[in-house]
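The structure appears right after this line, and notes come after that.
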Amino acid sequence: MKKIKILSILAVISIVFYSCEKIDPPYKQEGGSGNGGEAVKKVLLEDYTGHDCVNCPTAAVVAEDLKELYGDQLVVMAVHAGFFARPTPSLPEDFRTVAGEAWDQYFGISAAGNPNGLVDRVETAPGDYILSYGQWGAAIAVELETAAEAEITIENSFAQNKLTSNIKSEFLTALTGTYNLTFCITQDSIIGPQKNNDANVGDIPLIENYVFMHVLRYTNEIWGENLTDNVEVGKEYESTFSVDFEADWVPENCHVVAFISNQETKMILQVEEAKVSE
Amino acid sequence: MKRVVLLLTIVLFSGISAYSQVSEIFKNSQVHGSFEFDGAYYMPDNTVGITDSMINGKNFAFNGFGNITYSLGNFSAGFRYEAYLPPLAGFDPRLEGQGFPYLWATYATEKFSFTVGNFYEQFGNGLTFRTYQEWMLGYDNSLNGARVTYEPVKGLLFKGVYGMQRFFWTPYTKNSRGIVKGFDAELDFNQVFNSMSNSKLKLVLGGSFVSNYQADLDPLYNLPRDVGNMAGRMTLGYGKFNITTEYAYKINDPSAINNYIYKVGDALMLSASYSTKGFGFYGMFKRYDNMSYKSNRAVTANALDISFLPPNTETHTYMLTSMYPYNTQPNGEIGYQLQLNYKVPKKSKLGGKYGMGLAINYSQVNDIVRNAVNVPGTDTTAVGASGTLGWTSPFFKFGERIFWQDFNIEIDKKFSKKLKGTYTYMYQSYDIATLEGHTGEPIVYSNIGVIDMTYKFTSNHALRWELQGLWTKEDKGDWAAILLEYTISPHWFVSITDQYNYGNPEEEKRINYYTGSFGYTHETTRISVTYGRQREGIVCVGGVCRAVPASSGFYVTISSNF
């Protein structure tokens, strides 16, 4: 009986010690699995945000860290939508778009809270796509492990304040279903006020000259235009978009983001990004 | 022929025997259950800014559950059905769906019990482990797995738990969340040792250890896969004095809640009470430092909490005293509470014919002190920066920022056999920037008064009325509220309430939030219908905020149990 008691105590102590993992510095990983853009598979991170969202600058830092880690393999898009993106007297900018608001409604993001995001619009459970910024890194890593099922090339020309974008899409594997191509314009380096609650990011409660990155400015259609209902492997699907730039869209700071998604599941197969103007 | 008769006889007797066994099972079986259905019909209401496009076709909302428990001797089993189609306004939209999220079976003998499926359990005060459900908040963090308890002698109890937690309707898949395991032991000296069975000294000691395993898939950080949280506790009583304390220590647990810092966490709570006839005193101290503990480190939602951090603030229930409720800050807070209860004797000057109850309560919660630490690989220091040890903090020092202060005094007095009243005065300071995420907004200082009177016309007819006022220069300004409730017991009640934000600095927001209700109760079944408006608000949990829009419409609640 005494032996059993001693063994039980030892068992409990072993569980205690083996159930704790202490991490020593450095806490952040150095380098990443990004391969300088050579890999075909690219991932879209949509950061749903708003200038009135006090915790969103912290999430934007995570998005930038991930972008630095994965380089061209990761495309970031900041979608300003929902309650915290509304213009107010002290935050007059309106970065909302029709598509951004529709996506926010569909995926239920601001209803669940900001900041939150989507990674390739992959469902984590039936009907649930939402990922907190702490989940983005792991979700991107998992997506990058998957094989690319399509390839996109973008050729942009910008003249007389008009962007003409020629996009070629090619499927690499046989797929069933309907696939759409969504064409977006994002803009970097917009300066404006942003609420903030993280002293390590900037002033609290307001960063007067916050630099907004990857801001979604334009989308061709909410869920994109039909690419094909009948995928043919190896066929080049060509699409052309022309957009007149608004006064506050600075071409040098803008990118075209194009992605192919399954119309039914909304899941994104492939994404590509290219500068509007050098 | 003989064989046929014999066979028939055997079949007949087996049938009778089986029937008697079945009837015995039915006779000894017990089935209990409870049901609640909460429905809403939302309507546009221009005054509070609700338009048809905001309702977006979702006029109806429904939260409902049915909870059934079956028991036969040492065996019991049960399930709970839930539906949120869609969830009522204010509930997390990820609850939308329906199904059986709670299924369990238990076999319990005098010394052992075994449970499989979902279960609720708590170790000590919950600092290392507590799973529970709050229907009104849409919260459920039940553990789905196995539990064993063992009580070798009365007063010595061991518990072991193993499993994964519920996260809305998301099924468990590999690496989708952590696997929780825990162990608890509690020794009640007065029960175990005969020599202490009649002692005035009461002593209970306990200890627990919980660990959460979650794979490290994060590309940015090196994360601990096993995070342990351990605690020791004691309850000591002597006569009318009672002291309870628990200390918990958690190893490095970088998470989205603490902004991925690698600091250890700890928690201390200590409460003392003294009570005698007509007099009671209660005091509590607590300090939490980096103690959020979830089974998915990346989740910020109000879900997957493995532990529970008990509040040290009084929970208020009146319309205006509960307008600014406290919200525990797991990343760090230090506070205390003092409560005094006194019953002024009958036939004294103050007490009058029936006596008078007096309760005084004060609670305060401050931020902890946070000193900057080195950012690895640099010469700089920072507080709470990700990838660092977060901060250092002197244990008993109160930070300058006061999250919460609440002084309240409550008097209840019976004037006659027919008339009685409760009077409350409350002074509150509320750091709305921290507690609601209204960063940059000033602290809300408010004075609140409540008069709550009941007049009994007959033994089963009563009228209750409340008059309330909240006065503040901050946030939405002054409020007044009224309630009238007429009860014909045991079956009927009818009530009206109105909360009027007459002091709102923006004139168009000086809105009446009124409701009208009636209800009928028959035995254990209750139905109530309400029409009216509910205020808007912002809910922040774990650094994620969502706007809860105002709502207007009809609400029906039906509940029953058997």
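We name chains A, B, ... following the order of the structure tokens; residues begin at 1 in each chain, and ligands are numbered from 1 as shown.
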Select residues of chain A: the criterion is any atom within 7 Å of an atom of chain B, counting only C-alpha atoms; output as JSON, numbers by chain.
-> {"A": [16, 19, 20, 21, 22, 23, 26, 27, 28, 29, 32, 54, 55, 83, 110, 111, 112, 113, 114, 115, 125, 132, 134, 135, 137, 138, 141, 197, 200, 205]}
Point-to-point distance from CA of Leu103 in chain B to CA of Ile527 in chain B, Å rounded to tenths = 27.3 Å
Quick one: everything within 7 Å of Asn156 in chain A, counting only C-alpha atoms, minus sequence neighbours fewer than 2 positions away in the same chain. Send it as a list in words.
-> Ile154, Phe158, Leu163, Thr164, Ser165, Asn166 and Val276 of chain A
